[in-house]
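Okay, input_25.cif is below, mmCIF, C-alpha atoms:
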data_entry
#
loop_
_atom_site.group_PDB
_atom_site.id
_atom_site.type_symbol
_atom_site.label_atom_id
_atom_site.label_comp_id
_atom_site.auth_asym_id
_atom_site.auth_seq_id
_atom_site.Cartn_x
_atom_site.Cartn_y
_atom_site.Cartn_z
ATOM 1 C CA MET A 1 79.165 110.321 104.496
ATOM 2 C CA CYS A 2 82.385 111.036 102.645
ATOM 3 C CA HIS A 3 82.239 109.062 99.398
ATOM 4 C CA GLU A 4 85.077 108.598 97.046
ATOM 5 C CA VAL A 5 85.053 108.865 93.315
ATOM 6 C CA ARG A 6 87.734 106.792 91.668
ATOM 7 C CA LEU A 7 89.541 107.479 88.425
ATOM 8 C CA ASP A 8 87.441 104.817 86.726
ATOM 9 C CA GLY A 9 84.336 106.892 87.518
ATOM 10 C CA THR A 10 82.890 104.588 90.172
ATOM 11 C CA SER A 11 82.137 105.812 93.644
ATOM 12 C CA GLY A 12 81.765 104.281 97.051
ATOM 13 C CA THR A 13 81.964 104.700 100.795
ATOM 14 C CA ALA A 14 84.981 104.627 103.065
ATOM 15 C CA SER A 15 84.756 100.818 103.271
ATOM 16 C CA SER A 16 85.036 100.509 99.499
ATOM 17 C CA TYR A 17 87.968 102.887 99.694
ATOM 18 C CA VAL A 18 89.729 100.489 102.073
ATOM 19 C CA GLU A 19 89.014 97.655 99.638
ATOM 20 C CA TYR A 20 90.544 99.807 96.900
ATOM 21 C CA LYS A 21 93.631 100.414 99.077
ATOM 22 C CA MET A 22 94.006 96.691 99.764
ATOM 23 C CA PHE A 23 93.709 96.065 96.003
ATOM 24 C CA PHE A 24 96.570 98.529 95.530
ATOM 25 C CA VAL A 25 98.724 96.778 98.157
ATOM 26 C CA THR A 26 97.975 93.397 96.546
ATOM 27 C CA ARG A 27 98.871 94.788 93.113
ATOM 28 C CA ILE A 28 102.219 96.001 94.470
ATOM 29 C CA LYS A 29 102.931 92.582 95.928
ATOM 30 C CA ARG A 30 102.210 90.874 92.624
ATOM 31 C CA ARG A 31 104.672 93.125 90.815
ATOM 32 C CA ILE A 32 107.415 92.504 93.360
ATOM 33 C CA MET A 33 106.940 88.753 93.875
ATOM 34 C CA ASN A 34 109.532 86.392 92.497
ATOM 35 C CA PRO A 35 108.242 85.484 88.997
ATOM 36 C CA ASN A 36 109.825 82.023 89.180
ATOM 37 C CA LYS A 37 108.021 81.183 92.416
ATOM 38 C CA PRO A 38 104.841 83.262 92.563
ATOM 39 C CA ASN A 39 104.121 82.503 96.218
ATOM 40 C CA ILE A 40 107.548 83.366 97.584
ATOM 41 C CA PRO A 41 108.819 86.941 97.968
ATOM 42 C CA ALA A 42 111.895 87.654 95.895
ATOM 43 C CA PRO A 43 115.011 87.199 98.012
ATOM 44 C CA THR A 44 117.416 89.992 98.758
ATOM 45 C CA VAL A 45 120.685 89.465 96.883
ATOM 46 C CA GLU A 46 122.767 92.100 98.613
ATOM 47 C CA PRO A 47 122.223 93.683 102.044
ATOM 48 C CA ASP A 48 122.277 97.149 100.439
ATOM 49 C CA GLU A 49 119.516 96.298 97.960
ATOM 50 C CA LEU A 50 115.894 96.803 98.814
ATOM 51 C CA SER A 51 114.148 93.683 100.071
ATOM 52 C CA TYR A 52 110.657 92.622 99.077
ATOM 53 C CA TYR A 53 109.253 94.254 102.205
ATOM 54 C CA ARG A 54 111.235 97.454 101.713
ATOM 55 C CA LEU A 55 110.083 97.732 98.099
ATOM 56 C CA THR A 56 106.480 97.044 99.044
ATOM 57 C CA LEU A 57 106.533 99.573 101.859
ATOM 58 C CA LEU A 58 108.386 102.182 99.828
ATOM 59 C CA SER A 59 105.899 101.899 96.979
ATOM 60 C CA TYR A 60 102.977 102.241 99.378
ATOM 61 C CA LEU A 61 104.559 105.211 101.156
ATOM 62 C CA ARG A 62 105.230 107.007 97.881
ATOM 63 C CA GLU A 63 101.585 106.544 96.945
ATOM 64 C CA SER A 64 99.882 107.301 100.265
ATOM 65 C CA HIS A 65 102.411 108.747 102.733
ATOM 66 C CA PRO A 66 105.000 110.702 100.727
ATOM 67 C CA GLU A 67 106.224 112.447 103.862
ATOM 68 C CA LEU A 68 107.551 109.073 105.089
ATOM 69 C CA ALA A 69 108.951 107.825 101.766
ATOM 70 C CA THR A 70 112.392 109.335 102.439
ATOM 71 C CA ASP A 71 112.695 108.040 106.009
ATOM 72 C CA GLU A 72 115.230 105.277 105.349
ATOM 73 C CA ALA A 73 115.486 104.251 109.011
ATOM 74 C CA PHE A 74 111.716 103.852 109.323
ATOM 75 C CA ILE A 75 111.483 101.855 106.090
ATOM 76 C CA ARG A 76 114.418 99.617 107.007
ATOM 77 C CA ALA A 77 113.157 98.977 110.544
ATOM 78 C CA ARG A 78 109.566 98.281 109.483
ATOM 79 C CA ALA A 79 110.660 96.016 106.612
ATOM 80 C CA ASP A 80 113.013 94.075 108.858
ATOM 81 C CA LEU A 81 110.238 93.600 111.437
ATOM 82 C CA ALA A 82 107.855 92.385 108.730
ATOM 83 C CA ALA A 83 110.434 89.915 107.379
ATOM 84 C CA GLU A 84 111.017 88.656 110.908
ATOM 85 C CA ALA A 85 107.266 88.301 111.510
ATOM 86 C CA PHE A 86 106.932 86.314 108.281
ATOM 87 C CA SER A 87 109.856 84.031 109.162
ATOM 88 C CA ASN A 88 108.590 83.453 112.700
ATOM 89 C CA ALA A 89 105.107 82.628 111.423
ATOM 90 C CA VAL A 90 106.441 80.115 108.900
ATOM 91 C CA ARG A 91 108.729 78.555 111.523
ATOM 92 C CA SER A 92 105.797 78.209 113.906
ATOM 93 C CA GLY A 93 103.926 76.145 111.295
ATOM 94 C CA MET A 94 101.518 78.733 109.909
ATOM 95 C CA ASP A 95 100.562 78.452 106.276
ATOM 96 C CA TYR A 96 101.885 80.936 103.750
ATOM 97 C CA ASP A 97 98.761 83.131 103.620
ATOM 98 C CA GLU A 98 98.644 83.534 107.389
ATOM 99 C CA ALA A 99 102.375 84.320 107.507
ATOM 100 C CA VAL A 100 101.888 87.000 104.828
ATOM 101 C CA ARG A 101 98.936 88.439 106.754
ATOM 102 C CA GLN A 102 101.034 88.726 109.897
ATOM 103 C CA ALA A 103 103.921 90.325 108.017
ATOM 104 C CA ASP A 104 101.528 92.805 106.392
ATOM 105 C CA GLU A 105 100.084 93.749 109.783
ATOM 106 C CA VAL A 106 103.582 94.666 110.907
ATOM 107 C CA LEU A 107 104.565 96.334 107.644
ATOM 108 C CA PHE A 108 101.450 98.520 107.273
ATOM 109 C CA GLY A 109 100.434 98.945 110.920
ATOM 110 C CA GLY A 110 99.523 102.558 111.628
ATOM 111 C CA LEU A 111 99.658 103.428 107.916
ATOM 112 C CA HIS A 112 96.186 102.462 106.695
ATOM 113 C CA PHE A 113 94.761 105.947 107.114
ATOM 114 C CA SER A 114 96.349 108.395 104.699
ATOM 115 C CA ARG A 115 96.028 112.160 104.926
ATOM 116 C CA LEU A 116 96.973 112.467 101.264
ATOM 117 C CA ASP A 117 94.406 109.919 100.097
ATOM 118 C CA THR A 118 91.743 111.626 102.198
ATOM 119 C CA LEU A 119 92.531 114.989 100.620
ATOM 120 C CA ILE A 120 92.368 113.443 97.149
ATOM 121 C CA THR A 121 89.003 111.892 97.976
ATOM 122 C CA VAL A 122 87.633 115.227 99.218
ATOM 123 C CA LEU A 123 88.917 116.952 96.080
ATOM 124 C CA TRP A 124 87.276 114.336 93.834
ATOM 125 C CA ASN A 125 83.975 114.499 95.683
ATOM 126 C CA GLU A 126 83.622 118.141 96.613
ATOM 127 C CA PHE A 127 85.731 120.024 94.070
ATOM 128 C CA ALA A 128 85.422 118.020 90.857
ATOM 129 C CA ASP A 129 84.441 121.168 88.945
ATOM 130 C CA GLU A 130 87.377 123.206 90.270
ATOM 131 C CA VAL A 131 90.113 120.550 90.338
ATOM 132 C CA PRO A 132 90.393 118.081 87.444
ATOM 133 C CA ALA A 133 90.718 114.472 88.614
ATOM 134 C CA GLY A 134 94.139 114.219 86.960
ATOM 135 C CA ARG A 135 95.456 117.096 89.080
ATOM 136 C CA ALA A 136 93.897 116.038 92.396
ATOM 137 C CA ARG A 137 97.082 114.394 93.711
ATOM 138 C CA GLU A 138 99.216 117.403 92.763
ATOM 139 C CA VAL A 139 96.805 119.792 94.513
ATOM 140 C CA ALA A 140 96.492 117.450 97.513
ATOM 141 C CA LEU A 141 100.279 117.468 97.926
ATOM 142 C CA GLN A 142 100.166 121.273 98.060
ATOM 143 C CA LEU A 143 97.304 121.122 100.559
ATOM 144 C CA LEU A 144 98.960 118.648 102.953
ATOM 145 C CA PRO A 145 100.881 121.264 104.975
ATOM 146 C CA GLU A 146 97.961 123.704 104.763
ATOM 147 C CA CYS A 147 95.534 121.167 106.249
ATOM 148 C CA GLY A 148 97.861 119.939 108.996
ATOM 149 C CA LYS A 149 95.971 121.847 111.653
ATOM 150 C CA VAL A 150 92.674 120.264 110.594
ATOM 151 C CA PHE A 151 94.170 116.761 110.725
ATOM 152 C CA SER A 152 95.803 117.446 114.110
ATOM 153 C CA GLY A 153 92.375 117.707 115.713
ATOM 154 C CA TYR A 154 91.708 114.010 115.146
ATOM 155 C CA ASP A 155 93.108 110.694 116.340
ATOM 156 C CA LEU A 156 94.054 109.283 112.922
ATOM 157 C CA THR A 157 94.310 105.577 113.665
ATOM 158 C CA ASP A 158 94.068 102.714 111.185
ATOM 159 C CA GLY A 159 90.294 102.430 111.547
ATOM 160 C CA PHE A 160 89.566 106.145 111.591
ATOM 161 C CA GLU A 161 87.668 106.139 108.284
ATOM 162 C CA PHE A 162 85.036 103.922 109.920
ATOM 163 C CA THR A 163 84.299 106.368 112.746
ATOM 164 C CA PRO A 164 81.713 109.154 112.793
ATOM 165 C CA ASP A 165 84.579 111.655 113.060
ATOM 166 C CA PHE A 166 85.699 110.784 109.527
ATOM 167 C CA ASP A 167 82.702 112.571 108.001
ATOM 168 C CA ARG A 168 83.332 115.567 110.226
ATOM 169 C CA LEU A 169 86.978 115.618 109.115
ATOM 170 C CA CYS A 170 85.905 115.521 105.455
ATOM 171 C CA GLY A 171 83.624 118.497 106.096
ATOM 172 C CA GLU A 172 86.370 120.489 107.794
ATOM 173 C CA LEU A 173 88.804 119.646 105.015
ATOM 174 C CA ALA A 174 86.271 120.775 102.416
ATOM 175 C CA GLY A 175 86.051 124.134 104.185
ATOM 176 C CA ALA A 176 89.826 124.517 104.403
ATOM 177 C CA ILE A 177 90.250 123.494 100.760
ATOM 178 C CA SER A 178 87.573 125.940 99.658
ATOM 179 C CA ILE A 179 89.387 128.806 101.379
ATOM 180 C CA TRP A 180 92.759 127.696 99.968
ATOM 181 C CA LEU A 181 91.419 127.420 96.425
ATOM 182 C CA GLU A 182 89.821 130.849 96.721
ATOM 183 C CA GLU A 183 93.120 132.381 97.847
ATOM 184 C CA ASN A 184 95.477 130.407 95.605
ATOM 185 C CA GLY A 185 93.534 128.962 92.705
ATOM 186 C CA ILE A 186 95.079 125.965 90.974
#

What does this structure look like when you write it as structure tokens?
Amino acid sequence: MCHEVRLDGTSGTASSYVEYKMFFVTRIKRRIMNPNKPNIPAPTVEPDELSYYRLTLLSYLRESHPELATDEAFIRARADLAAEAFSNAVRSGMDYDEAVRQADEVLFGGLHFSRLDTLITVLWNEFADEVPAGRAREVALQLLPECGKVFSGYDLTDGFEFTPDFDRLCGELAGAISIWLEENGI
């Protein structure tokens, strides 16, 4: 089983990792929410400014999917779809929490599994002596293109970390990382 070790020193399984990711998404939402009305996303003032959904998605992409963080069209389209899903849910009589849940499904659909976060987890768990925790993200960013072939052998859907293939992926990544570190160091 591929466990994760977090910066606070705790560890857990893939399911606790998902809980950690959802904590992160919730934390982002709290920072972006309108401080005057804590349950209502901050409105967009100008069409050119980033909306609540764009800011939320952009922050998440920068953290977990940096390769998508510069794709303005993707961010705009996904954010607009999420805003529309939220509005439609509210108009149909759903309560706020359910409307947010539906918008989040649209906003983060297909993005729950992160190659970068998986590499960081493998580095923390398997290479803690070679790669300091504070440098794991930096090294993982360098490893992303190097491990593309390993990732391409798997169907990386939103629930992938709950499949038996996830452990096999972690093992293959550990092998690829070991070879890379031997050839390149850090």

**Asked** Which residues fall under the PyMOL selection byres ((chain A and resi 137) around 12) in this file, as number ranges by chain?
**Response** A: 7, 62-66, 115-124, 131-136, 138-144

Counting all atoms listed in the file, closest pick from A:Asn125, A:Ser114, A:Asn184, A:Asn88 relative to A:Glu161 is A:Ser114

| said: Neighbouring residues of A:Leu61 were defined as those with any atom within 10 Å, considering all atoms listed in the file; residues of the same chain fewer than 3 positions away were excluded. Please report them as JSON, numbers by chain. | reply: {"A": [55, 56, 57, 58, 64, 65, 66, 67, 68, 69, 70, 71, 75, 108, 111, 114]}

Min atom-atom distance to A:Tyr60 from the set A:Leu107, A:Ile186, A:Ala82, A:Ala174, counting all atoms listed in the file, belongs to A:Leu107

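With all atoms listed in the file as the basis for measurement, A:Tyr154 is the residue among A:Lys149, A:Arg54, A:Arg78, A:Tyr154 that approaches A:Arg168 most closely.
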
Atom CA of A:Glu84 to atom CA of A:Gly109 measures 14.8 Å

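Across the model, the gap from atom CA of A:Phe113 to atom CA of A:Gly159 is 7.2 Å.
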
Query raised in the report: If you count all atoms listed in the file, which residues fall within 9 Å of A:Ala176, apart from same-chain ones fewer than 5 positions away, as a PyMOL selection string?
Result: chain A and resi 146-147+150+171+181

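Atom to atom, atom CA of A:His112 and atom CA of A:Asp97 stand 19.7 Å apart.
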
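Shortest atom-to-atom contact with A:Tyr52 among A:Ala79, A:Leu169, A:Ala89, A:Ala103: A:Ala79, counting only C-alpha atoms.
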
message: Neighbouring residues of A:Ala99 were defined as those with any atom within 12 Å, considering only C-alpha atoms; residues of the same chain fewer than 3 positions away were excluded. Please report them as JSON, numbers by chain.
response: {"A": [39, 40, 41, 82, 83, 84, 85, 86, 87, 88, 89, 90, 91, 92, 93, 94, 95, 96, 102, 103, 104, 105, 106]}

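Ranking A:Asp158, A:Asp80, A:Phe151, A:Glu183 by their shortest atom-to-atom distance to A:Cys170, with all atoms listed in the file included, puts A:Phe151 first.
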